[in-house]
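This report refers to the structure that appears directly beneath it.
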Amino acid sequence: SIRATRLERRTGSQMKTRLRELVLNEARAYAAFTRGGWREHGFAVSLVSERLPDPRFNRAYVLPSEDLTPESLQKLTEDFSSVPLPFRMDVFLPVSRRTEELLERTVFDVTENYASEMVLAELPNSSEANPAVRIERVAQDDIDTFSTVLMKAYEMPADVFSIAFPILRQTISGALEHQGVLLYVAYLDSRSVGVLYLFHEDGVGGIYNVGVLPEIRKQGVARALMLRAIEDSRAIGNGTLCLQTRADSFQEHFYHKLGFEVVARRNRVVRIES
């Protein structure tokens with residue numbers, strides 16, 4: 001089981017403040033990556049990326065759930081009026097009974113314990129990295145390589161690839177101009193095989209879009225990418241390094257072995273189309 005952390009034992013007010021800090025990093029990171037935008041409400045944070053109409057880049061983060069009311073829900077919905085996707089929220093646990101009833105009345109589908117929020121609590125052993133894996137920072141000349149590996153690592157269908165590739169390439173080019181954006185490509189035998197995105201702002205680092213080509217997995221590529229990101233985040237001076245992943249997944253246990261611990265979980269809530 002995942003060990004309890006000092007963060008989990010904080011008071012409700014402290015926990016809300018801490019989670020907001022982590023959520024803001026995620027929203028800012030994806031906004032920079034997709035040339036999107038984010039908006040902070042008193043009860044939630046909205047991430048809107050019109051250029052990439054993908055659920056990962058268009059969602060609201062709600063914390064705490066008891067602040068969700070019919071009025072605040074309507075306000076959040078308005079943030080996404082220009083995005084052709086079902087309205088999605090990530091609602092942090094625990095979810096109050098009142099909020100559950102509101103979601104039922106407003107026709108939302110809920111995926112329980114959808115994702116875990118994790119922070120680095122213990123430094124991993126860097127000597128365990130595969131020496132055959134080489135990690136390079138991405139510059140403007142490397143955008144095609146990064147984009148191709150990212151989409152293949154996430155196993156994008158060919159028809160989606162052809163449409164999304166030029167859009168992704170354009171947004172990544174803009175992202176590299178942001179001082180908080182660091183992109184990496186992993187090479188094995190001179191072949192580009194993995195990618196990672198590190199975003200930092202206000203002393204908080206966040207790891208996103210970790211991907212390895214399917215046929216190259218379990219050869220230490222993801223670990224090498226993670227160790228480089230942890231090292232660079234510390235060198236920058238970040239006091240916190242966070243990431244998000246599927247709850248109770250292989251990836252969660254992989255990150256746990258690297259020193260990350262679960263500090264919160266969230267439900268995925270999607271409005272059902274009529």
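How things are named: the first chain in the structure tokens is A, the next is B, and so on; residues count from 1 in each chain; ligands count from 1 in the order shown.
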
Each range 18-39 of chain A residue no farther than 8 Å from range 193-215 of chain A, nearest pair in Å, only C-alpha atoms, as JSON lines:
```
{"residue": "A:Glu21", "atom": "CA", "partner": "A:Val204", "partner_atom": "CA", "distance": 7.9}
{"residue": "A:Leu22", "atom": "CA", "partner": "A:Val204", "partner_atom": "CA", "distance": 7.6}
{"residue": "A:Asn25", "atom": "CA", "partner": "A:Gly206", "partner_atom": "CA", "distance": 6.5}
{"residue": "A:Glu26", "atom": "CA", "partner": "A:Gly206", "partner_atom": "CA", "distance": 6.8}
{"residue": "A:Ala29", "atom": "CA", "partner": "A:Phe199", "partner_atom": "CA", "distance": 5.7}
```

Print the selection's residues with C-alpha atoms to a file, as a compact mmCIF listing (two decimals), in the first residue's frame.
```
# COMPACT_ATOMS: atom_id res chain seq x y z
CA GLU A 21 -0.45 24.92 -5.66
CA LEU A 22 -0.08 21.56 -7.39
CA ASN A 25 1.28 23.90 -11.79
CA GLU A 26 -0.62 21.38 -13.90
CA ALA A 29 2.02 23.52 -17.62
```

>> Report as a list in words all protein, DNA and RNA residues lying within 10 Å of Thr77 in chain A, evaluated on only C-alpha atoms, omitting residues in the same chain fewer than 5 positions from it.
In response: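 In the requested form, the answer reads Ser46, Arg59, Ala60, Glu71, Ser72, Phe87, Arg88 and Met89 of chain A.
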
>> Give me, as a ChimeraX atom specification, the residues of range 70-182 of chain A that a backbone DSSP run labels alpha helix (DSSP H).
In response: /A:70-79,97-105,143-153,158-175

> What does the distance from CA of Val107 in chain A to CA of Ile272 in chain A come to in Å, to one decimal?
Replying inline: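 Separation of CA of Val107 in chain A and CA of Ile272 in chain A: 5.9 Å.
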
Any chance you could tabulate, as a Markdown table, the residues of range 111-143 of chain A at most 12 Å from range 255-262 of chain A with each one's nearest atom pair and distance in Å to one decimal, using only C-alpha atoms, in chain and rising number order?
```
| residue | atom | partner | partner_atom | distance |
| --- | --- | --- | --- | --- |
| A:Ala115 | CA | A:Val262 | CA | 9.9 |
| A:Ser116 | CA | A:Val262 | CA | 6.2 |
| A:Glu117 | CA | A:Val262 | CA | 5.7 |
| A:Met118 | CA | A:Val262 | CA | 4.4 |
| A:Val119 | CA | A:Phe260 | CA | 5.1 |
| A:Leu120 | CA | A:Phe260 | CA | 4.2 |
| A:Ala121 | CA | A:Phe260 | CA | 5.5 |
| A:Glu122 | CA | A:Gly259 | CA | 4.5 |
| A:Leu123 | CA | A:Gly259 | CA | 5.7 |
| A:Pro124 | CA | A:Leu258 | CA | 5.1 |
| A:Asn125 | CA | A:Leu258 | CA | 8.0 |
| A:Ser126 | CA | A:Leu258 | CA | 9.5 |
| A:Glu128 | CA | A:Leu258 | CA | 10.6 |
| A:Ala129 | CA | A:Leu258 | CA | 11.3 |
```

Leaving out Gln74 in chain A and any residue of its chain fewer than 5 positions from it, which residues lie within 12 Å of it when counting only C-alpha atoms, given as a PDB file with N, CA, C and O atoms, in the first residue's frame?
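Now in around_0.pdb:
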```pdb
ATOM      1  N   ALA A  60     -11.787  21.198 -15.753  1.00  0.00           N
ATOM      2  CA  ALA A  60     -11.790  22.025 -14.548  1.00  0.00           C
ATOM      3  C   ALA A  60     -11.331  21.159 -13.381  1.00  0.00           C
ATOM      4  O   ALA A  60     -11.640  19.967 -13.319  1.00  0.00           O
ATOM      5  N   LEU A  68     -18.741  23.260  -4.622  1.00  0.00           N
ATOM      6  CA  LEU A  68     -19.422  23.159  -5.902  1.00  0.00           C
ATOM      7  C   LEU A  68     -20.921  23.300  -5.687  1.00  0.00           C
ATOM      8  O   LEU A  68     -21.549  22.503  -4.991  1.00  0.00           O
ATOM      9  N   THR A  69     -21.505  24.334  -6.270  1.00  0.00           N
ATOM     10  CA  THR A  69     -22.932  24.621  -6.173  1.00  0.00           C
ATOM     11  C   THR A  69     -23.498  24.730  -7.582  1.00  0.00           C
ATOM     12  O   THR A  69     -22.737  24.798  -8.562  1.00  0.00           O
ATOM     13  N   ASP A  79     -16.757  28.604 -18.913  1.00  0.00           N
ATOM     14  CA  ASP A  79     -15.358  28.688 -19.318  1.00  0.00           C
ATOM     15  C   ASP A  79     -15.068  27.825 -20.535  1.00  0.00           C
ATOM     16  O   ASP A  79     -14.110  28.075 -21.272  1.00  0.00           O
ATOM     17  N   PHE A  80     -15.890  26.788 -20.754  1.00  0.00           N
ATOM     18  CA  PHE A  80     -15.607  25.809 -21.803  1.00  0.00           C
ATOM     19  C   PHE A  80     -16.613  25.874 -22.958  1.00  0.00           C
ATOM     20  O   PHE A  80     -16.718  24.925 -23.731  1.00  0.00           O
ATOM     21  N   SER A  81     -17.297  26.983 -23.076  1.00  0.00           N
ATOM     22  CA  SER A  81     -18.336  27.110 -24.107  1.00  0.00           C
ATOM     23  C   SER A  81     -17.761  27.035 -25.524  1.00  0.00           C
ATOM     24  O   SER A  81     -18.466  26.660 -26.461  1.00  0.00           O
ATOM     25  N   PHE A  87     -18.153  18.436 -21.192  1.00  0.00           N
ATOM     26  CA  PHE A  87     -17.560  19.163 -20.063  1.00  0.00           C
ATOM     27  C   PHE A  87     -17.008  18.179 -19.045  1.00  0.00           C
ATOM     28  O   PHE A  87     -17.697  17.273 -18.589  1.00  0.00           O
ATOM     29  N   LEU A 102     -25.696  16.768  -6.536  1.00  0.00           N
ATOM     30  CA  LEU A 102     -25.673  17.801  -7.571  1.00  0.00           C
ATOM     31  C   LEU A 102     -25.216  17.214  -8.901  1.00  0.00           C
ATOM     32  O   LEU A 102     -25.811  17.486  -9.954  1.00  0.00           O
ATOM     33  N   THR A 106     -27.402  16.929 -12.456  1.00  0.00           N
ATOM     34  CA  THR A 106     -26.928  17.628 -13.660  1.00  0.00           C
ATOM     35  C   THR A 106     -26.305  16.671 -14.677  1.00  0.00           C
ATOM     36  O   THR A 106     -25.592  17.083 -15.584  1.00  0.00           O
TER      37      THR A 106
END
```

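Residues within 9 Å of Leu168 in chain A, counting only C-alpha atoms and excluding same-chain residues fewer than 3 positions away, are Phe33, Thr34, Arg51, Leu52, Ser147, Ala164, Phe165, Thr171, Ile172 and Ser173 of chain A.
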
May I have the residues from that selection written out with all heavy atoms, as a short mmCIF file (atom, residue, chain, number, x, y, z; two decimals), in the first residue's frame?
```cif
data_model
loop_
_atom_site.label_atom_id
_atom_site.label_comp_id
_atom_site.auth_asym_id
_atom_site.auth_seq_id
_atom_site.Cartn_x
_atom_site.Cartn_y
_atom_site.Cartn_z
N PHE A 33 2.03 24.38 -22.77
CA PHE A 33 2.32 23.34 -23.75
C PHE A 33 1.40 23.43 -24.96
O PHE A 33 1.81 23.10 -26.08
CB PHE A 33 2.16 21.98 -23.07
CG PHE A 33 2.62 20.81 -23.89
CD1 PHE A 33 3.97 20.54 -24.05
CD2 PHE A 33 1.70 19.96 -24.49
CE1 PHE A 33 4.40 19.45 -24.80
CE2 PHE A 33 2.12 18.87 -25.24
CZ PHE A 33 3.47 18.62 -25.39
N THR A 34 0.17 23.87 -24.76
CA THR A 34 -0.82 23.87 -25.85
C THR A 34 -1.20 25.28 -26.31
O THR A 34 -2.11 25.43 -27.12
CB THR A 34 -2.11 23.16 -25.38
OG1 THR A 34 -2.69 23.90 -24.29
CG2 THR A 34 -1.82 21.74 -24.92
N ARG A 51 -6.84 25.07 -29.21
CA ARG A 51 -6.06 24.55 -30.34
C ARG A 51 -5.98 23.02 -30.33
O ARG A 51 -5.88 22.40 -31.38
CB ARG A 51 -4.64 25.12 -30.31
CG ARG A 51 -4.54 26.59 -30.72
CD ARG A 51 -3.08 27.04 -30.72
NE ARG A 51 -2.95 28.41 -31.19
CZ ARG A 51 -3.05 29.47 -30.40
NH1 ARG A 51 -3.30 29.30 -29.10
NH2 ARG A 51 -2.91 30.69 -30.88
N LEU A 52 -5.98 22.44 -29.13
CA LEU A 52 -5.94 20.98 -29.01
C LEU A 52 -7.17 20.52 -28.23
O LEU A 52 -7.15 20.41 -27.01
CB LEU A 52 -4.66 20.55 -28.28
CG LEU A 52 -3.38 20.55 -29.13
CD1 LEU A 52 -2.17 20.27 -28.26
CD2 LEU A 52 -3.47 19.52 -30.26
N SER A 147 7.67 15.58 -31.04
CA SER A 147 6.25 15.41 -31.37
C SER A 147 5.97 14.01 -31.88
O SER A 147 4.96 13.38 -31.49
CB SER A 147 5.83 16.44 -32.42
OG SER A 147 6.08 17.76 -31.99
N ALA A 164 -3.35 15.81 -35.89
CA ALA A 164 -2.83 16.45 -34.67
C ALA A 164 -1.37 16.84 -34.76
O ALA A 164 -0.94 17.78 -34.08
CB ALA A 164 -3.02 15.50 -33.49
N PHE A 165 -0.59 16.16 -35.59
CA PHE A 165 0.86 16.41 -35.62
C PHE A 165 1.21 17.86 -35.91
O PHE A 165 1.99 18.48 -35.18
CB PHE A 165 1.56 15.49 -36.61
CG PHE A 165 3.05 15.67 -36.65
CD1 PHE A 165 3.87 15.06 -35.71
CD2 PHE A 165 3.64 16.48 -37.60
CE1 PHE A 165 5.24 15.24 -35.73
CE2 PHE A 165 5.01 16.67 -37.64
CZ PHE A 165 5.82 16.05 -36.71
N THR A 171 2.25 24.13 -31.34
CA THR A 171 2.10 24.52 -29.93
C THR A 171 3.39 24.28 -29.16
O THR A 171 3.75 25.06 -28.29
CB THR A 171 0.94 23.74 -29.26
OG1 THR A 171 1.21 22.34 -29.30
CG2 THR A 171 -0.37 24.03 -29.95
N ILE A 172 4.12 23.20 -29.49
CA ILE A 172 5.37 22.92 -28.80
C ILE A 172 6.41 23.98 -29.12
O ILE A 172 7.20 24.39 -28.26
CB ILE A 172 5.88 21.51 -29.17
CG1 ILE A 172 4.95 20.45 -28.57
CG2 ILE A 172 7.31 21.30 -28.66
CD1 ILE A 172 5.29 19.05 -28.98
N SER A 173 6.42 24.44 -30.35
CA SER A 173 7.35 25.52 -30.73
C SER A 173 7.12 26.74 -29.86
O SER A 173 8.07 27.38 -29.39
CB SER A 173 7.15 25.87 -32.21
OG SER A 173 8.00 26.95 -32.58
#
```

> Hey, what does DSSP flag as strand (DSSP E or B) within range 191-226 of chain A? Can you give it to me as a ChimeraX atom specification?
Replying inline: /A:191-201,204-212

>> Quick one: residues within 7 Å of Ser49 in chain A, only C-alpha atoms, excluding same-chain residues fewer than 5 positions away - as JSON, numbers by chain?
In response: {"A": [31, 34, 35, 36, 37, 57, 58]}

Once you have the residues from the selection above, write them out as a PDB file, in the first residue's frame, restricted to all heavy atoms.
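What ended up in out36.pdb:
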```
ATOM      1  N   ALA A  31      -1.300  24.712 -20.205  1.00  0.00           N
ATOM      2  CA  ALA A  31      -1.596  25.947 -20.940  1.00  0.00           C
ATOM      3  C   ALA A  31      -0.385  26.382 -21.754  1.00  0.00           C
ATOM      4  O   ALA A  31      -0.515  26.794 -22.913  1.00  0.00           O
ATOM      5  CB  ALA A  31      -2.025  27.046 -19.966  1.00  0.00           C
ATOM      6  N   THR A  34       0.171  23.866 -24.765  1.00  0.00           N
ATOM      7  CA  THR A  34      -0.821  23.873 -25.846  1.00  0.00           C
ATOM      8  C   THR A  34      -1.202  25.276 -26.312  1.00  0.00           C
ATOM      9  O   THR A  34      -2.107  25.426 -27.124  1.00  0.00           O
ATOM     10  CB  THR A  34      -2.106  23.164 -25.382  1.00  0.00           C
ATOM     11  OG1 THR A  34      -2.687  23.898 -24.292  1.00  0.00           O
ATOM     12  CG2 THR A  34      -1.817  21.739 -24.921  1.00  0.00           C
ATOM     13  N   ARG A  35      -0.510  26.281 -25.778  1.00  0.00           N
ATOM     14  CA  ARG A  35      -0.889  27.676 -26.046  1.00  0.00           C
ATOM     15  C   ARG A  35      -2.344  27.926 -25.647  1.00  0.00           C
ATOM     16  O   ARG A  35      -3.105  28.616 -26.319  1.00  0.00           O
ATOM     17  CB  ARG A  35      -0.688  28.028 -27.529  1.00  0.00           C
ATOM     18  CG  ARG A  35       0.762  28.085 -27.964  1.00  0.00           C
ATOM     19  CD  ARG A  35       0.892  28.673 -29.357  1.00  0.00           C
ATOM     20  NE  ARG A  35       2.278  28.737 -29.790  1.00  0.00           N
ATOM     21  CZ  ARG A  35       2.672  29.262 -30.939  1.00  0.00           C
ATOM     22  NH1 ARG A  35       1.775  29.757 -31.789  1.00  0.00           N
ATOM     23  NH2 ARG A  35       3.948  29.307 -31.266  1.00  0.00           N
ATOM     24  N   GLY A  36      -2.716  27.309 -24.554  1.00  0.00           N
ATOM     25  CA  GLY A  36      -4.061  27.484 -24.030  1.00  0.00           C
ATOM     26  C   GLY A  36      -4.096  28.538 -22.945  1.00  0.00           C
ATOM     27  O   GLY A  36      -3.202  29.365 -22.817  1.00  0.00           O
ATOM     28  N   GLY A  37      -5.150  28.491 -22.150  1.00  0.00           N
ATOM     29  CA  GLY A  37      -5.291  29.461 -21.067  1.00  0.00           C
ATOM     30  C   GLY A  37      -5.838  28.795 -19.823  1.00  0.00           C
ATOM     31  O   GLY A  37      -6.393  27.689 -19.886  1.00  0.00           O
ATOM     32  N   PHE A  57      -6.391  18.401 -21.978  1.00  0.00           N
ATOM     33  CA  PHE A  57      -6.027  19.809 -21.977  1.00  0.00           C
ATOM     34  C   PHE A  57      -7.230  20.731 -21.812  1.00  0.00           C
ATOM     35  O   PHE A  57      -7.107  21.955 -21.947  1.00  0.00           O
ATOM     36  CB  PHE A  57      -5.288  20.162 -23.278  1.00  0.00           C
ATOM     37  CG  PHE A  57      -4.167  19.216 -23.607  1.00  0.00           C
ATOM     38  CD1 PHE A  57      -4.062  18.670 -24.865  1.00  0.00           C
ATOM     39  CD2 PHE A  57      -3.228  18.876 -22.647  1.00  0.00           C
ATOM     40  CE1 PHE A  57      -3.026  17.785 -25.174  1.00  0.00           C
ATOM     41  CE2 PHE A  57      -2.191  18.001 -22.947  1.00  0.00           C
ATOM     42  CZ  PHE A  57      -2.088  17.460 -24.215  1.00  0.00           C
ATOM     43  N   ASN A  58      -8.388  20.162 -21.526  1.00  0.00           N
ATOM     44  CA  ASN A  58      -9.611  20.947 -21.344  1.00  0.00           C
ATOM     45  C   ASN A  58     -10.410  20.342 -20.196  1.00  0.00           C
ATOM     46  O   ASN A  58     -11.151  19.371 -20.384  1.00  0.00           O
ATOM     47  CB  ASN A  58     -10.446  20.958 -22.633  1.00  0.00           C
ATOM     48  CG  ASN A  58      -9.784  21.714 -23.761  1.00  0.00           C
ATOM     49  OD1 ASN A  58      -9.894  22.930 -23.866  1.00  0.00           O
ATOM     50  ND2 ASN A  58      -9.057  20.984 -24.611  1.00  0.00           N
TER      51      ASN A  58
END
```

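Across the structure, CA of Arg137 in chain A and CA of Val185 in chain A are spaced 6.5 Å apart.
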
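With only C-alpha atoms as the basis for measurement, A:Tyr114 is the residue among A:Tyr61, A:Phe92, A:Phe43, A:Tyr114 that approaches Asp248 in chain A most closely.
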
> Leaving out Thr99 in chain A and any residue of its chain fewer than 3 positions from it, which residues lie within 10 Å of it when counting only C-alpha atoms, given as a PyMOL selection string?
Replying inline: chain A and resi 65-70+91+95-96+102-105

Those residues with C-alpha atoms, as a JSON list (two decimals), in the first residue's frame please?
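Just written: selection-v3.json:
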```
[["chain", "number", "residue", "atom", "x", "y", "z"],
["A", 65, "SER", "CA", -15.89, 19.57, -3.61],
["A", 66, "GLU", "CA", -18.26, 21.09, -1.03],
["A", 67, "ASP", "CA", -17.77, 24.47, -2.74],
["A", 68, "LEU", "CA", -19.42, 23.16, -5.90],
["A", 69, "THR", "CA", -22.93, 24.62, -6.17],
["A", 70, "PRO", "CA", -25.36, 24.95, -9.09],
["A", 91, "VAL", "CA", -12.98, 16.56, -8.38],
["A", 95, "VAL", "CA", -16.63, 14.20, -2.40],
["A", 96, "SER", "CA", -19.48, 15.35, -0.21],
["A", 102, "LEU", "CA", -25.67, 17.80, -7.57],
["A", 103, "LEU", "CA", -23.68, 15.77, -10.11],
["A", 104, "GLU", "CA", -26.50, 13.24, -10.38],
["A", 105, "ARG", "CA", -29.07, 15.98, -10.99]]
```

>> For a quick check of understanding, using only C-alpha atoms, which of A:Pro64, A:Arg39, A:Gly180, A:Val110 has the smallest distance to Arg271 in chain A?
In response: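 Residue with the minimum atom-to-atom distance to Arg271 in chain A: A:Val110.
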
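The smallest atom-to-atom distance between Leu225 in chain A and any of A:Asp144, A:Glu136, A:Asp159, A:Glu78, using only C-alpha atoms, is found for A:Glu136.
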
> When distances are computed from only C-alpha atoms, which of A:His178, A:Ser192, A:Tyr184, A:Ser82 shows the smallest separation from Val149 in chain A?
Replying inline: A:Ser192

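Considering the residues A:Val83, A:Ala264, A:Val138, A:Leu47 and counting only C-alpha atoms, Leu182 in chain A has its shortest atom-to-atom contact with A:Val138.
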